[in-house]
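*Asks:* mmCIF, C-alpha atoms, saved as start.cif, coming up:
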data_entry
#
loop_
_atom_site.group_PDB
_atom_site.id
_atom_site.type_symbol
_atom_site.label_atom_id
_atom_site.label_comp_id
_atom_site.auth_asym_id
_atom_site.auth_seq_id
_atom_site.Cartn_x
_atom_site.Cartn_y
_atom_site.Cartn_z
ATOM 1 C CA MET A 1 34.342 -9.327 -11.829
ATOM 2 C CA ASN A 2 36.200 -6.084 -12.111
ATOM 3 C CA ALA A 3 37.991 -4.793 -15.239
ATOM 4 C CA ARG A 4 40.922 -3.795 -13.006
ATOM 5 C CA ASP A 5 41.466 -7.477 -12.112
ATOM 6 C CA PRO A 6 44.816 -8.429 -13.737
ATOM 7 C CA ASP A 7 43.371 -11.849 -14.649
ATOM 8 C CA LEU A 8 40.802 -10.222 -16.936
ATOM 9 C CA LYS A 9 41.841 -9.555 -20.514
ATOM 10 C CA ARG A 10 39.985 -7.582 -23.161
ATOM 11 C CA PHE A 11 38.472 -9.851 -25.755
ATOM 12 C CA VAL A 12 36.725 -7.256 -27.913
ATOM 13 C CA VAL A 13 35.982 -3.544 -27.977
ATOM 14 C CA GLU A 14 33.173 -2.403 -30.267
ATOM 15 C CA PHE A 15 31.612 1.012 -30.834
ATOM 16 C CA GLY A 16 28.098 2.055 -31.713
ATOM 17 C CA MET A 17 25.946 5.065 -32.428
ATOM 18 C CA GLY A 18 22.244 5.554 -31.844
ATOM 19 C CA VAL A 19 19.772 8.325 -32.641
ATOM 20 C CA ASP A 20 16.384 9.172 -31.183
ATOM 21 C CA GLN A 21 14.931 11.361 -33.920
ATOM 22 C CA HIS A 22 11.647 12.136 -32.169
ATOM 23 C CA GLY A 23 10.699 12.411 -28.526
ATOM 24 C CA GLN A 24 14.011 13.651 -27.126
ATOM 25 C CA ASP A 25 14.676 10.366 -25.320
ATOM 26 C CA ALA A 26 18.346 9.972 -24.372
ATOM 27 C CA THR A 27 17.676 6.431 -23.099
ATOM 28 C CA ALA A 28 16.356 5.364 -26.509
ATOM 29 C CA ALA A 29 19.428 6.819 -28.225
ATOM 30 C CA CYS A 30 21.740 5.007 -25.757
ATOM 31 C CA VAL A 31 19.957 1.675 -26.185
ATOM 32 C CA LYS A 32 20.254 1.995 -29.967
ATOM 33 C CA ALA A 33 23.973 2.832 -29.649
ATOM 34 C CA VAL A 34 24.633 -0.221 -27.473
ATOM 35 C CA LYS A 35 22.613 -2.491 -29.768
ATOM 36 C CA ASP A 36 24.531 -1.075 -32.752
ATOM 37 C CA ALA A 37 27.813 -2.103 -31.123
ATOM 38 C CA VAL A 38 26.515 -5.529 -30.076
ATOM 39 C CA MET A 39 24.953 -6.407 -33.441
ATOM 40 C CA ARG A 40 28.280 -5.997 -35.236
ATOM 41 C CA SER A 41 30.091 -8.366 -32.881
ATOM 42 C CA CYS A 42 29.982 -12.106 -33.436
ATOM 43 C CA LEU A 43 32.018 -13.439 -30.552
ATOM 44 C CA ALA A 44 32.607 -16.985 -31.795
ATOM 45 C CA GLY A 45 36.013 -16.888 -30.151
ATOM 46 C CA LEU A 46 34.379 -16.914 -26.728
ATOM 47 C CA ILE A 47 33.433 -20.544 -27.332
ATOM 48 C CA GLU A 48 36.187 -21.652 -29.724
ATOM 49 C CA VAL A 49 39.213 -19.845 -28.288
ATOM 50 C CA VAL A 50 38.361 -18.832 -24.725
ATOM 51 C CA ARG A 51 36.206 -21.968 -24.265
ATOM 52 C CA LEU A 52 33.714 -20.043 -22.211
ATOM 53 C CA ARG A 53 31.241 -22.497 -20.696
ATOM 54 C CA ASP A 54 28.873 -20.018 -19.050
ATOM 55 C CA ILE A 55 27.880 -16.755 -20.715
ATOM 56 C CA ARG A 56 27.844 -15.105 -17.291
ATOM 57 C CA ASP A 57 31.619 -15.696 -17.049
ATOM 58 C CA MET A 58 32.475 -12.559 -18.952
ATOM 59 C CA LEU A 59 32.435 -8.936 -17.942
ATOM 60 C CA VAL A 60 30.699 -6.595 -20.377
ATOM 61 C CA GLU A 61 31.681 -3.006 -19.762
ATOM 62 C CA ILE A 62 29.289 -0.520 -21.353
ATOM 63 C CA GLU A 63 30.160 3.143 -21.719
ATOM 64 C CA VAL A 64 27.651 5.577 -23.203
ATOM 65 C CA ALA A 65 27.753 9.302 -23.824
ATOM 66 C CA CYS A 66 24.577 11.246 -24.523
ATOM 67 C CA PRO A 67 22.814 14.563 -23.980
ATOM 68 C CA HIS A 68 21.211 14.807 -20.520
ATOM 69 C CA PRO A 69 22.811 11.663 -19.026
ATOM 70 C CA GLU A 70 21.203 12.335 -15.662
ATOM 71 C CA GLY A 71 17.810 11.365 -17.087
ATOM 72 C CA VAL A 72 18.625 8.008 -18.679
ATOM 73 C CA ASN A 73 17.135 4.717 -17.537
ATOM 74 C CA GLN A 74 20.294 2.760 -16.764
ATOM 75 C CA GLN A 75 18.485 -0.583 -16.493
ATOM 76 C CA ALA A 76 17.117 -0.194 -20.040
ATOM 77 C CA ILE A 77 20.662 0.326 -21.306
ATOM 78 C CA LEU A 78 21.967 -2.695 -19.371
ATOM 79 C CA ASP A 79 19.123 -4.790 -20.788
ATOM 80 C CA ALA A 80 20.368 -4.036 -24.328
ATOM 81 C CA VAL A 81 23.259 -6.470 -23.689
ATOM 82 C CA PRO A 82 21.913 -10.027 -23.675
ATOM 83 C CA PHE A 83 24.502 -11.725 -21.431
ATOM 84 C CA GLY A 84 27.491 -11.382 -19.141
ATOM 85 C CA GLN A 85 28.096 -9.539 -15.932
ATOM 86 C CA LYS A 86 27.466 -5.934 -16.908
ATOM 87 C CA ARG A 87 28.919 -2.636 -15.749
ATOM 88 C CA LEU A 88 27.632 0.692 -17.050
ATOM 89 C CA SER A 89 28.975 4.228 -17.059
ATOM 90 C CA VAL A 90 27.002 7.121 -18.485
ATOM 91 C CA ALA A 91 28.613 10.439 -19.373
ATOM 92 C CA ALA A 92 27.597 13.708 -20.948
ATOM 93 C CA GLY A 93 28.351 13.721 -24.650
ATOM 94 C CA GLY A 94 26.806 12.725 -27.915
ATOM 95 C CA MET A 95 24.851 15.437 -29.639
ATOM 96 C CA ALA A 96 21.533 17.227 -29.679
ATOM 97 C CA ALA A 97 21.118 18.097 -33.360
ATOM 98 C CA HIS A 98 18.387 20.138 -34.974
ATOM 99 C CA GLY A 99 15.908 17.817 -36.594
ATOM 100 C CA LEU A 100 12.236 17.930 -37.477
ATOM 101 C CA PHE A 101 9.635 19.047 -34.915
ATOM 102 C CA GLN A 102 6.674 16.690 -35.236
ATOM 103 C CA PRO A 103 4.411 16.820 -32.151
ATOM 104 C CA GLU A 104 2.433 13.772 -33.365
ATOM 105 C CA LEU A 105 5.631 11.738 -32.825
ATOM 106 C CA GLY A 106 6.096 12.940 -29.241
ATOM 107 C CA ASP A 107 8.432 15.837 -29.937
ATOM 108 C CA ARG A 108 8.769 18.606 -27.371
ATOM 109 C CA THR A 109 11.488 20.348 -29.416
ATOM 110 C CA ASN A 110 13.105 19.936 -32.824
ATOM 111 C CA GLU A 111 16.129 18.147 -31.347
ATOM 112 C CA ALA A 112 17.299 14.670 -32.290
ATOM 113 C CA TYR A 113 19.484 13.020 -29.634
ATOM 114 C CA VAL A 114 22.628 11.171 -30.692
ATOM 115 C CA ALA A 115 24.423 8.783 -28.306
ATOM 116 C CA ASN A 116 27.742 6.964 -28.611
ATOM 117 C CA ALA A 117 28.627 3.649 -26.979
ATOM 118 C CA ALA A 118 31.740 1.601 -26.341
ATOM 119 C CA VAL A 119 31.174 -2.030 -25.357
ATOM 120 C CA THR A 120 34.144 -4.006 -24.029
ATOM 121 C CA VAL A 121 34.078 -7.738 -23.281
ATOM 122 C CA TRP A 122 36.579 -8.983 -20.686
ATOM 123 C CA VAL A 123 37.409 -12.657 -20.048
ATOM 124 C CA SER A 124 39.387 -14.530 -17.411
ATOM 125 C CA ALA A 125 42.808 -15.637 -18.650
ATOM 126 C CA SER A 126 43.134 -18.244 -15.892
ATOM 127 C CA LYS A 127 39.760 -19.831 -16.732
ATOM 128 C CA MET A 128 40.726 -19.925 -20.410
ATOM 129 C CA LEU A 129 44.050 -21.629 -19.641
ATOM 130 C CA ALA A 130 42.332 -24.133 -17.346
ATOM 131 C CA ALA A 131 39.817 -24.999 -20.082
ATOM 132 C CA TRP A 132 42.639 -25.629 -22.568
ATOM 133 C CA GLN A 133 44.489 -27.802 -20.061
ATOM 134 C CA GLU A 134 41.406 -30.014 -19.706
ATOM 135 C CA GLY A 135 42.063 -31.366 -23.199
ATOM 136 C CA PRO A 136 40.187 -31.289 -26.496
ATOM 137 C CA ASP A 137 37.184 -29.030 -26.708
ATOM 138 C CA PRO A 138 33.979 -31.091 -26.592
ATOM 139 C CA VAL A 139 32.064 -28.400 -28.503
ATOM 140 C CA PRO A 140 32.031 -29.106 -32.274
#
If you took the structure in this file and wrote it as structure tokens, what would it be?

*Replies:*
Amino acid sequence: MNARDPDLKRFVVEFGMGVDQHGQDATAACVKAVKDAVMRSCLAGLIEVVRLRDIRDMLVEIEVACPHPEGVNQQAILDAVPFGQKRLSVAAGGMAAHGLFQPELGDRTNEAYVANAAVTVWVSASKMLAAWQEGPDPVP
């Protein structure tokens, strides 16, 4: 699946923000940002409107921006999305804000890392139309 495929249509775009207050861990901030976006999205329409039969039949495009993107664990960010075929892009952005230096919490500096995320779910228009042409939806 590729978001440039003309058959794919955006189903939802949701945004999130995550902060790692201690430890200066950009990955942790990104994971929190992605989970923030995902937790505010109840995609009931995937079953009731799109009639998606397999949760792998959607493309989930994840974009994150954070301080020090070169050091993030991309697999940890991908794992924050529970289903779908996933694509990730990581860019420099977010914020490194002055926070509280607490070495007992793993701090190396007084910075808190802030990350932003955009999560887009794409679905196949042709598969949706085919499901509707099959007749009434068997799912209650």

*Asks:* Pick out the residues sitting within 12 Å of Gln102 (chain A), and hand them over as a count of residues only; count all atoms listed in the file, and ignore anything fewer than 2 positions along from it in its own chain.

*Replies:* 15

*Asks:* Given the file shown, enumerate the residues that the PyMOL selection byres ((chain A and resi 33) around 7) captures and present them as an MDAnalysis selection string.

*Replies:* chainID A and resid 16:18 29:32 34:37 115:117

*Asks:* Just write the chosen residues, C-alpha atoms, as an mmCIF file, keeping the file's coordinate frame.

*Replies:*
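out_3.cif written:
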data_model
loop_
_atom_site.group_PDB
_atom_site.id
_atom_site.type_symbol
_atom_site.label_atom_id
_atom_site.label_comp_id
_atom_site.auth_asym_id
_atom_site.auth_seq_id
_atom_site.Cartn_x
_atom_site.Cartn_y
_atom_site.Cartn_z
ATOM 1 C CA GLY A 16 28.098 2.055 -31.713
ATOM 2 C CA MET A 17 25.946 5.065 -32.428
ATOM 3 C CA GLY A 18 22.244 5.554 -31.844
ATOM 4 C CA ALA A 29 19.428 6.819 -28.225
ATOM 5 C CA CYS A 30 21.740 5.007 -25.757
ATOM 6 C CA VAL A 31 19.957 1.675 -26.185
ATOM 7 C CA LYS A 32 20.254 1.995 -29.967
ATOM 8 C CA VAL A 34 24.633 -0.221 -27.473
ATOM 9 C CA LYS A 35 22.613 -2.491 -29.768
ATOM 10 C CA ASP A 36 24.531 -1.075 -32.752
ATOM 11 C CA ALA A 37 27.813 -2.103 -31.123
ATOM 12 C CA ALA A 115 24.423 8.783 -28.306
ATOM 13 C CA ASN A 116 27.742 6.964 -28.611
ATOM 14 C CA ALA A 117 28.627 3.649 -26.979
#

*Asks:* Between A:Val38, A:Met1, A:Ile77, A:Leu43, which is the closest to Phe15 (chain A) once you count all atoms listed in the file?

*Replies:*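 Of all the options, A:Val38 lies closest to Phe15 (chain A).
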
*Asks:* From the set A:Val81, A:Leu46, A:Ala118, A:Val13, which residue has the shortest atom-to-atom contact distance to Ala131 (chain A), counting only C-alpha atoms?

*Replies:*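 Of A:Val81, A:Leu46, A:Ala118, A:Val13, the one nearest Ala131 (chain A), counting only C-alpha atoms, is A:Leu46.
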
*Asks:* Translate the PyMOL selection byres ((chain A and resi 82) around 12), as applied to the file shown, into an explicit residue set as an MDAnalysis selection string.

*Replies:* chainID A and resid 34:35 38:39 55:56 58 60 76:81 83:86

*Asks:* Using C-alpha atoms, can you write the selected residues to a file as an mmCIF file, in the coordinates of the input?

*Replies:*
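Once written, selection-v6.cif looks like this:
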data_model
loop_
_atom_site.group_PDB
_atom_site.id
_atom_site.type_symbol
_atom_site.label_atom_id
_atom_site.label_comp_id
_atom_site.auth_asym_id
_atom_site.auth_seq_id
_atom_site.Cartn_x
_atom_site.Cartn_y
_atom_site.Cartn_z
ATOM 1 C CA VAL A 34 24.633 -0.221 -27.473
ATOM 2 C CA LYS A 35 22.613 -2.491 -29.768
ATOM 3 C CA VAL A 38 26.515 -5.529 -30.076
ATOM 4 C CA MET A 39 24.953 -6.407 -33.441
ATOM 5 C CA ILE A 55 27.880 -16.755 -20.715
ATOM 6 C CA ARG A 56 27.844 -15.105 -17.291
ATOM 7 C CA MET A 58 32.475 -12.559 -18.952
ATOM 8 C CA VAL A 60 30.699 -6.595 -20.377
ATOM 9 C CA ALA A 76 17.117 -0.194 -20.040
ATOM 10 C CA ILE A 77 20.662 0.326 -21.306
ATOM 11 C CA LEU A 78 21.967 -2.695 -19.371
ATOM 12 C CA ASP A 79 19.123 -4.790 -20.788
ATOM 13 C CA ALA A 80 20.368 -4.036 -24.328
ATOM 14 C CA VAL A 81 23.259 -6.470 -23.689
ATOM 15 C CA PHE A 83 24.502 -11.725 -21.431
ATOM 16 C CA GLY A 84 27.491 -11.382 -19.141
ATOM 17 C CA GLN A 85 28.096 -9.539 -15.932
ATOM 18 C CA LYS A 86 27.466 -5.934 -16.908
#

*Asks:* Exactly which residues make up the result of the PyMOL selection byres ((chain A and resi 128) around 12) on this file, given as a PyMOL selection string?

*Replies:* chain A and resi 7-9+11+45-54+57-58+122-127+129-135+137

*Asks:* Residues of the last selection are to be written out with C-alpha atoms, as a PDB file, keeping the file's coordinate frame.

*Replies:*
ATOM      1  CA  ASP A   7      43.371 -11.849 -14.649  1.00  0.00           C
ATOM      2  CA  LEU A   8      40.802 -10.222 -16.936  1.00  0.00           C
ATOM      3  CA  LYS A   9      41.841  -9.555 -20.514  1.00  0.00           C
ATOM      4  CA  PHE A  11      38.472  -9.851 -25.755  1.00  0.00           C
ATOM      5  CA  GLY A  45      36.013 -16.888 -30.151  1.00  0.00           C
ATOM      6  CA  LEU A  46      34.379 -16.914 -26.728  1.00  0.00           C
ATOM      7  CA  ILE A  47      33.433 -20.544 -27.332  1.00  0.00           C
ATOM      8  CA  GLU A  48      36.187 -21.652 -29.724  1.00  0.00           C
ATOM      9  CA  VAL A  49      39.213 -19.845 -28.288  1.00  0.00           C
ATOM     10  CA  VAL A  50      38.361 -18.832 -24.725  1.00  0.00           C
ATOM     11  CA  ARG A  51      36.206 -21.968 -24.265  1.00  0.00           C
ATOM     12  CA  LEU A  52      33.714 -20.043 -22.211  1.00  0.00           C
ATOM     13  CA  ARG A  53      31.241 -22.497 -20.696  1.00  0.00           C
ATOM     14  CA  ASP A  54      28.873 -20.018 -19.050  1.00  0.00           C
ATOM     15  CA  ASP A  57      31.619 -15.696 -17.049  1.00  0.00           C
ATOM     16  CA  MET A  58      32.475 -12.559 -18.952  1.00  0.00           C
ATOM     17  CA  TRP A 122      36.579  -8.983 -20.686  1.00  0.00           C
ATOM     18  CA  VAL A 123      37.409 -12.657 -20.048  1.00  0.00           C
ATOM     19  CA  SER A 124      39.387 -14.530 -17.411  1.00  0.00           C
ATOM     20  CA  ALA A 125      42.808 -15.637 -18.650  1.00  0.00           C
ATOM     21  CA  SER A 126      43.134 -18.244 -15.892  1.00  0.00           C
ATOM     22  CA  LYS A 127      39.760 -19.831 -16.732  1.00  0.00           C
ATOM     23  CA  LEU A 129      44.050 -21.629 -19.641  1.00  0.00           C
ATOM     24  CA  ALA A 130      42.332 -24.133 -17.346  1.00  0.00           C
ATOM     25  CA  ALA A 131      39.817 -24.999 -20.082  1.00  0.00           C
ATOM     26  CA  TRP A 132      42.639 -25.629 -22.568  1.00  0.00           C
ATOM     27  CA  GLN A 133      44.489 -27.802 -20.061  1.00  0.00           C
ATOM     28  CA  GLU A 134      41.406 -30.014 -19.706  1.00  0.00           C
ATOM     29  CA  GLY A 135      42.063 -31.366 -23.199  1.00  0.00           C
ATOM     30  CA  ASP A 137      37.184 -29.030 -26.708  1.00  0.00           C
TER      31      ASP A 137
END
